[in-house]
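S.K.: This is the structure, below, for whatever I ask next.
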Amino acid sequence: MAPPPHTKVAIIGSGPAAHTAAIYLSRAELKPVMYEGMLAGGTAAGGQLTTTTDIENYPGFAQGIGGSELMDQMRAQSERFGTEIITETITKVDLNQRPFKLWREYEDGEADEPAHTADAVIIATGANARRLALPGEETYWQNGISACAVCDGAVPIFRNKPLAVIGGGDSAAEEAMFLTKYGSHVTVLVRKDKLRASKAMAKRLLANPKVTVKFNHVAVEVQGENKPRGLMTHLKIKNVQSGAEEVMEANGLFYAVGHDPATAIFKGQVDTDEEGYIVTKPGTSYTSIPGVFAAGDVQDKRYRQAITSAGSGCIAALEAEKYLAELEDEIPLEKENQAKKPEVNGDAAPEYRSNPLL
Ligand SMILES: Cc1cc2nc3c(=O)[nH]c(=O)nc-3n(C[C@H](O)[C@H](O)[C@H](O)COP(=O)(O)OP(=O)(O)OC[C@H]3O[C@@H](n4cnc5c(N)ncnc54)[C@H](O)[C@@H]3O)c2cc1C
């Protein structure tokens, strides 16, 4: 039986991180293969930006650019330099043995044979903002409802309008503070009777005159204009203690209830944190496995922007290129077992089993 196709580097994912890595690697003539996913995690190839309209904060587009249009451009640029893009989702990996093995959803070979092997892998599978499945959510998603205040807060529909944020953690507090620059007032709905945000952040939030925190409250329905592309105008909320419901004016609703990184297939192989994000050495794309690099939202729970994802995709490509060059020079494998314990967000990161480049 013929062995599966082998390449120097495989990229899993198709957002700004994956495409930036692909552009750099293909220009370096490393002939990367990208698995862009087929509705992986429910998101179209191209990633999260395909679910939104105008991107106004990606440099180089003075008038803004549509999310899907930006990703089409990135895809064309990856292909232009020779990236092979396969529209399939990777469903299983074996990163414990070299070469690394990848299995895809369809069209695999014999029984357990992987579809692909690679000397290096870049993981850029992104993350998905959690939704709440509220009545009205589908209708007003991106027509008032957003999961990213930094991305969408400045758009005209939110200017000087009452806005609401759902969540009680640091992200919710940060988003609410950010939105006070644009909205007339920001109401934060917190299901419990206290904030989970850090003390300092909670104090700042509660002291802000443009913010009202409603404890013990949840959103129950998003209401708005009843016409094609109509905007949200109101939010029905409920006091979870008394059961009392009220309808408040709100032209924007921002979810800050967490993200789910797309890391299920890597668990138990690459080190992840308690929320499932891949742990990388700060300032690099190095994971716990030499030759496996991570870029974009899959390893970044703080900034989560297209430009930061693209930047980390560039880093991953340059580091993969260096890794492959050193592999060709036959770096002694014993060196790989020099464990390092870099700091991650102030905590000791899981042990870096091996990485000859660190
Ligand atoms: C509604 C919305 C609006 C936003 N607006 C902005 C904005 O205006 N400006 C901004 O800077 N940022 C914005 N963002 C954030 C931005 O989209 C993300 O930070 C960025 O897309 C993350 O890029 P990424 O490369 O990490 O991967 P993602 O964009 O998350 O894409 C990863 C993709 O990889 C594919 N994939 C996943 N698993 C697999 C697998 N197993 N096999 C193959 N393929 C797989 C899927 O298609 C997945 O979507 C917005 C996000 C959302 C949700």
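How things are named: the first chain in the structure tokens is A, the next is B, and so on; residues count from 1 in each chain; ligands count from 1 in the order shown.
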Can you tell me, as a PyMOL selection string, what residues are no more than 12 Å from Asn239 (chain A) when counting only C-alpha atoms, ignoring any on the same chain fewer than 2 positions away?
M.R.: chain A and resi 189-193+214-220+236-237+241-247
S.K.: The selected residues should be written to file as an mmCIF file, in the first residue's frame (atoms: C-alpha atoms).
M.R.:
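selection_7.cif was written with the following content:
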data_model
loop_
_atom_site.group_PDB
_atom_site.id
_atom_site.type_symbol
_atom_site.label_atom_id
_atom_site.label_comp_id
_atom_site.auth_asym_id
_atom_site.auth_seq_id
_atom_site.Cartn_x
_atom_site.Cartn_y
_atom_site.Cartn_z
ATOM 1 C CA LEU A 189 -26.344 41.735 33.086
ATOM 2 C CA VAL A 190 -24.816 39.406 35.647
ATOM 3 C CA ARG A 191 -26.591 36.125 36.416
ATOM 4 C CA LYS A 192 -25.109 35.852 39.908
ATOM 5 C CA ASP A 193 -25.115 38.325 42.771
ATOM 6 C CA LYS A 214 -27.834 44.470 37.116
ATOM 7 C CA PHE A 215 -27.042 41.524 39.354
ATOM 8 C CA ASN A 216 -29.232 38.402 39.305
ATOM 9 C CA HIS A 217 -30.432 39.270 35.818
ATOM 10 C CA VAL A 218 -30.392 37.333 32.565
ATOM 11 C CA ALA A 219 -31.490 38.202 29.037
ATOM 12 C CA VAL A 220 -34.492 36.267 27.803
ATOM 13 C CA LYS A 236 -36.315 41.500 27.568
ATOM 14 C CA ILE A 237 -34.565 40.661 30.823
ATOM 15 C CA GLN A 241 -34.566 35.669 42.025
ATOM 16 C CA SER A 242 -37.998 37.264 41.725
ATOM 17 C CA GLY A 243 -38.838 35.961 38.250
ATOM 18 C CA ALA A 244 -39.924 39.497 37.275
ATOM 19 C CA GLU A 245 -39.422 40.405 33.615
ATOM 20 C CA GLU A 246 -38.940 43.828 32.079
ATOM 21 C CA VAL A 247 -38.166 45.188 28.632
#
S.K.: Enumerate as a PDB file with C-alpha atoms, in the first residue's frame the residues within 7 Å of ligand 1, counting only C-alpha atoms and all ligand atoms.
M.R.:
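Result file is pocket-v4.pdb:
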ATOM      1  CA  ILE A  12      -4.780  23.210  10.066  1.00  0.00           C
ATOM      2  CA  GLY A  13      -7.262  26.092   9.924  1.00  0.00           C
ATOM      3  CA  SER A  14      -8.155  28.903   7.555  1.00  0.00           C
ATOM      4  CA  GLY A  15      -8.470  32.195   9.422  1.00  0.00           C
ATOM      5  CA  PRO A  16      -6.003  35.107   9.285  1.00  0.00           C
ATOM      6  CA  ALA A  17      -3.408  33.118  11.278  1.00  0.00           C
ATOM      7  CA  ALA A  18      -3.495  30.116   8.930  1.00  0.00           C
ATOM      8  CA  TYR A  35      -6.641  21.998   5.574  1.00  0.00           C
ATOM      9  CA  GLU A  36      -9.155  24.822   5.573  1.00  0.00           C
ATOM     10  CA  GLY A  37     -12.032  22.837   7.058  1.00  0.00           C
ATOM     11  CA  MET A  38     -15.470  22.095   5.728  1.00  0.00           C
ATOM     12  CA  LEU A  39     -17.753  23.903   8.148  1.00  0.00           C
ATOM     13  CA  ALA A  40     -15.361  22.899  10.928  1.00  0.00           C
ATOM     14  CA  GLY A  41     -17.026  23.722  14.242  1.00  0.00           C
ATOM     15  CA  THR A  43     -17.813  28.000  10.738  1.00  0.00           C
ATOM     16  CA  ALA A  44     -17.131  28.311   7.018  1.00  0.00           C
ATOM     17  CA  ALA A  45     -13.611  28.041   5.655  1.00  0.00           C
ATOM     18  CA  GLY A  46     -12.084  31.456   6.204  1.00  0.00           C
ATOM     19  CA  GLY A  47     -12.930  31.448   9.885  1.00  0.00           C
ATOM     20  CA  GLN A  48     -14.735  33.859  12.148  1.00  0.00           C
ATOM     21  CA  LEU A  49     -14.471  36.861   9.834  1.00  0.00           C
ATOM     22  CA  THR A  51     -19.528  35.561   9.946  1.00  0.00           C
ATOM     23  CA  THR A  52     -19.335  39.345   9.979  1.00  0.00           C
ATOM     24  CA  ASP A  54     -17.451  45.228   7.672  1.00  0.00           C
ATOM     25  CA  ILE A  55     -13.958  45.044   9.122  1.00  0.00           C
ATOM     26  CA  GLU A  56     -12.812  48.569   9.890  1.00  0.00           C
ATOM     27  CA  ASN A  57      -9.698  47.929  11.954  1.00  0.00           C
ATOM     28  CA  TYR A  58      -7.610  45.770   9.635  1.00  0.00           C
ATOM     29  CA  GLU A  88     -11.544  19.200   4.495  1.00  0.00           C
ATOM     30  CA  THR A  89     -11.678  19.151   8.269  1.00  0.00           C
ATOM     31  CA  ILE A  90      -8.939  17.372  10.173  1.00  0.00           C
ATOM     32  CA  THR A  91     -10.632  15.038  12.641  1.00  0.00           C
ATOM     33  CA  ALA A 124      -4.571  27.691  13.580  1.00  0.00           C
ATOM     34  CA  THR A 125      -8.033  26.314  14.218  1.00  0.00           C
ATOM     35  CA  GLY A 126      -9.299  29.417  16.027  1.00  0.00           C
ATOM     36  CA  ALA A 127     -12.046  29.719  18.580  1.00  0.00           C
ATOM     37  CA  ASN A 128     -15.780  30.314  18.573  1.00  0.00           C
ATOM     38  CA  ALA A 129     -17.602  32.851  20.693  1.00  0.00           C
ATOM     39  CA  GLN A 142     -24.682  41.304  13.618  1.00  0.00           C
ATOM     40  CA  SER A 146     -22.060  41.023  18.711  1.00  0.00           C
ATOM     41  CA  ALA A 147     -19.502  38.941  20.541  1.00  0.00           C
ATOM     42  CA  CYS A 148     -16.711  41.488  20.231  1.00  0.00           C
ATOM     43  CA  CYS A 151     -14.420  44.817  16.800  1.00  0.00           C
ATOM     44  CA  ASP A 152     -17.899  46.294  16.580  1.00  0.00           C
ATOM     45  CA  ALA A 262     -11.149  24.483  18.621  1.00  0.00           C
ATOM     46  CA  ALA A 295      -1.141  30.679  16.054  1.00  0.00           C
ATOM     47  CA  GLY A 296      -4.231  32.856  16.294  1.00  0.00           C
ATOM     48  CA  ASP A 297      -7.190  32.651  18.629  1.00  0.00           C
ATOM     49  CA  VAL A 298      -6.547  28.987  19.400  1.00  0.00           C
ATOM     50  CA  ARG A 304      -8.589  37.817  19.698  1.00  0.00           C
ATOM     51  CA  GLN A 305      -8.225  40.151  16.729  1.00  0.00           C
ATOM     52  CA  ALA A 306      -7.659  39.497  13.040  1.00  0.00           C
ATOM     53  CA  ILE A 307      -4.431  41.475  13.039  1.00  0.00           C
ATOM     54  CA  SER A 309      -3.925  36.394  14.622  1.00  0.00           C
ATOM     55  CA  ALA A 310      -2.213  37.314  11.370  1.00  0.00           C
TER      56      ALA A 310
END
S.K.: What is the CA of Glu84 (chain A) to CA of Val9 (chain A) distance in Å?
M.R.: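 It comes out at 11.0 Å.
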S.K.: Which value, in Å to one decimal, gives the distance between CA of Val279 (chain A) and CA of Glu321 (chain A)?
M.R.: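 If I compute the distance from CA of Val279 (chain A) to CA of Glu321 (chain A), I get 20.2 Å.
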S.K.: Counting only C-alpha atoms, figure out which residue out of A:Tyr286, A:Trp141, A:Tyr182, A:Tyr323 gets nearest to Tyr255 (chain A).
M.R.: A:Trp141
S.K.: With DSSP run on the backbone, what are the strand (DSSP E or B) residues within region 161-274 of chain A? I'd like them as an NGL selection string.
M.R.: :A and (162-166 or 185-190 or 211-215 or 217-224 or 232-239 or 245-249 or 252-255 or 259-261 or 272)
S.K.: Could you tell me how far CA of Ala149 (chain A) lies from CA of Leu253 (chain A), in Å and to one decimal?
M.R.: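 Those two atoms sit 9.4 Å apart.
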S.K.: Quick one: of A:Ala317, A:Ala115, A:Leu235, A:Val222, who's nearest to Lys92 (chain A), counting only C-alpha atoms?
M.R.: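 Residue with the minimum atom-to-atom distance to Lys92 (chain A): A:Ala115.
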S.K.: For Thr7 (chain A), which of A:Leu179, A:Leu318, A:Leu324, A:Asp300 is the closest residue, counting only C-alpha atoms?
M.R.: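 Ranking A:Leu179, A:Leu318, A:Leu324, A:Asp300 by distance to Thr7 (chain A), first place goes to A:Leu324.
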S.K.: With a distance cut-off of 10 Å and only C-alpha atoms, select the neighbouring residues of Met248 (chain A), excluding the residue or stretch itself and same-chain residues fewer than 6 positions from it, and output the selection as a ChimeraX atom specification.
M.R.: /A:162-164,187,223,233-237
S.K.: When you look at Thr83 (chain A) with a cut-off of 6 Å (counting only C-alpha atoms), what residues show up, excluding the ones that are within fewer than 2 positions of it in the same chain? I need them as a ChimeraX atom specification.
M.R.: /A:26,31-33,78-79
S.K.: Go through A:Gly283, A:Asp329, A:Val93, A:Gly66 and flag the residue nearest Gln269 (chain A), using only C-alpha atoms for the distances.
M.R.: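 Of A:Gly283, A:Asp329, A:Val93, A:Gly66, the one nearest Gln269 (chain A), counting only C-alpha atoms, is A:Val93.
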S.K.: Between A:Gln73, A:Thr117, A:Thr308, A:Thr20, which is the closest to Pro4 (chain A) once you count only C-alpha atoms?
M.R.: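 Nearest candidate to Pro4 (chain A) out of A:Gln73, A:Thr117, A:Thr308, A:Thr20: A:Thr117.
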S.K.: Please extract the residues of region 30-194 of chain A with a backbone DSSP assignment of alpha helix (DSSP H) and present them as a ChimeraX atom specification.
M.R.: /A:67-80,137-140,149-152,170-179
S.K.: Would you put the residues from that selection into a file with N, CA and C atoms, as a short mmCIF file (atom, residue, chain, number, x, y, z; two decimals), in the first residue's frame?
M.R.:
data_model
loop_
_atom_site.label_atom_id
_atom_site.label_comp_id
_atom_site.auth_asym_id
_atom_site.auth_seq_id
_atom_site.Cartn_x
_atom_site.Cartn_y
_atom_site.Cartn_z
N GLY A 67 -15.86 41.05 5.76
CA GLY A 67 -15.12 39.95 6.39
C GLY A 67 -14.82 38.83 5.40
N SER A 68 -15.82 38.41 4.64
CA SER A 68 -15.61 37.32 3.68
C SER A 68 -14.68 37.76 2.56
N GLU A 69 -14.83 39.02 2.16
CA GLU A 69 -13.97 39.54 1.07
C GLU A 69 -12.50 39.54 1.52
N LEU A 70 -12.26 39.94 2.77
CA LEU A 70 -10.89 39.94 3.29
C LEU A 70 -10.33 38.52 3.29
N MET A 71 -11.15 37.56 3.72
CA MET A 71 -10.65 36.18 3.76
C MET A 71 -10.47 35.60 2.35
N ASP A 72 -11.32 36.01 1.40
CA ASP A 72 -11.12 35.56 0.00
C ASP A 72 -9.78 36.07 -0.52
N GLN A 73 -9.47 37.32 -0.16
CA GLN A 73 -8.19 37.91 -0.60
C GLN A 73 -7.01 37.15 0.01
N MET A 74 -7.14 36.83 1.30
CA MET A 74 -6.04 36.10 1.96
C MET A 74 -5.88 34.73 1.31
N ARG A 75 -7.01 34.07 1.01
CA ARG A 75 -6.95 32.73 0.40
C ARG A 75 -6.27 32.81 -0.96
N ALA A 76 -6.65 33.81 -1.74
CA ALA A 76 -6.06 33.96 -3.08
C ALA A 76 -4.55 34.21 -2.96
N GLN A 77 -4.17 34.97 -1.94
CA GLN A 77 -2.74 35.27 -1.75
C GLN A 77 -1.97 34.00 -1.35
N SER A 78 -2.59 33.17 -0.52
CA SER A 78 -1.95 31.90 -0.13
C SER A 78 -1.76 31.02 -1.36
N GLU A 79 -2.79 30.96 -2.19
CA GLU A 79 -2.72 30.10 -3.39
C GLU A 79 -1.73 30.63 -4.40
N ARG A 80 -1.67 31.96 -4.49
CA ARG A 80 -0.81 32.58 -5.49
C ARG A 80 0.65 32.11 -5.36
N GLU A 137 -32.02 35.89 18.66
CA GLU A 137 -30.56 35.95 18.47
C GLU A 137 -30.17 35.80 16.99
N GLU A 138 -30.77 34.81 16.33
CA GLU A 138 -30.44 34.59 14.91
C GLU A 138 -30.80 35.82 14.09
N THR A 139 -31.97 36.39 14.36
CA THR A 139 -32.46 37.55 13.59
C THR A 139 -31.55 38.76 13.75
N TYR A 140 -31.11 39.00 14.97
CA TYR A 140 -30.39 40.26 15.21
C TYR A 140 -28.88 40.08 15.39
N ALA A 149 -16.77 43.59 21.44
CA ALA A 149 -16.93 45.05 21.56
C ALA A 149 -15.81 45.80 20.85
N VAL A 150 -14.59 45.28 20.96
CA VAL A 150 -13.46 45.98 20.32
C VAL A 150 -13.65 46.00 18.80
N CYS A 151 -14.22 44.90 18.25
CA CYS A 151 -14.42 44.82 16.80
C CYS A 151 -15.56 45.73 16.36
N ASP A 152 -16.66 45.70 17.10
CA ASP A 152 -17.90 46.29 16.58
C ASP A 152 -18.37 47.54 17.32
N ASP A 170 -13.89 39.23 33.74
CA ASP A 170 -13.02 40.33 33.31
C ASP A 170 -13.35 40.80 31.90
N SER A 171 -13.63 39.84 31.01
CA SER A 171 -13.93 40.23 29.62
C SER A 171 -15.17 41.11 29.57
N ALA A 172 -16.19 40.71 30.31
CA ALA A 172 -17.44 41.49 30.32
C ALA A 172 -17.17 42.90 30.85
N ALA A 173 -16.38 42.98 31.92
CA ALA A 173 -16.07 44.29 32.51
C ALA A 173 -15.27 45.14 31.51
N GLU A 174 -14.30 44.52 30.88
CA GLU A 174 -13.49 45.26 29.89
C GLU A 174 -14.34 45.73 28.73
N GLU A 175 -15.20 44.84 28.23
CA GLU A 175 -16.05 45.20 27.09
C GLU A 175 -16.98 46.35 27.47
N ALA A 176 -17.56 46.27 28.66
CA ALA A 176 -18.50 47.32 29.09
C ALA A 176 -17.78 48.66 29.20
N MET A 177 -16.59 48.65 29.80
CA MET A 177 -15.83 49.91 29.94
C MET A 177 -15.51 50.46 28.55
N PHE A 178 -15.12 49.58 27.66
CA PHE A 178 -14.77 50.01 26.30
C PHE A 178 -15.99 50.65 25.62
N LEU A 179 -17.15 50.04 25.83
CA LEU A 179 -18.36 50.52 25.15
C LEU A 179 -18.85 51.87 25.67
#
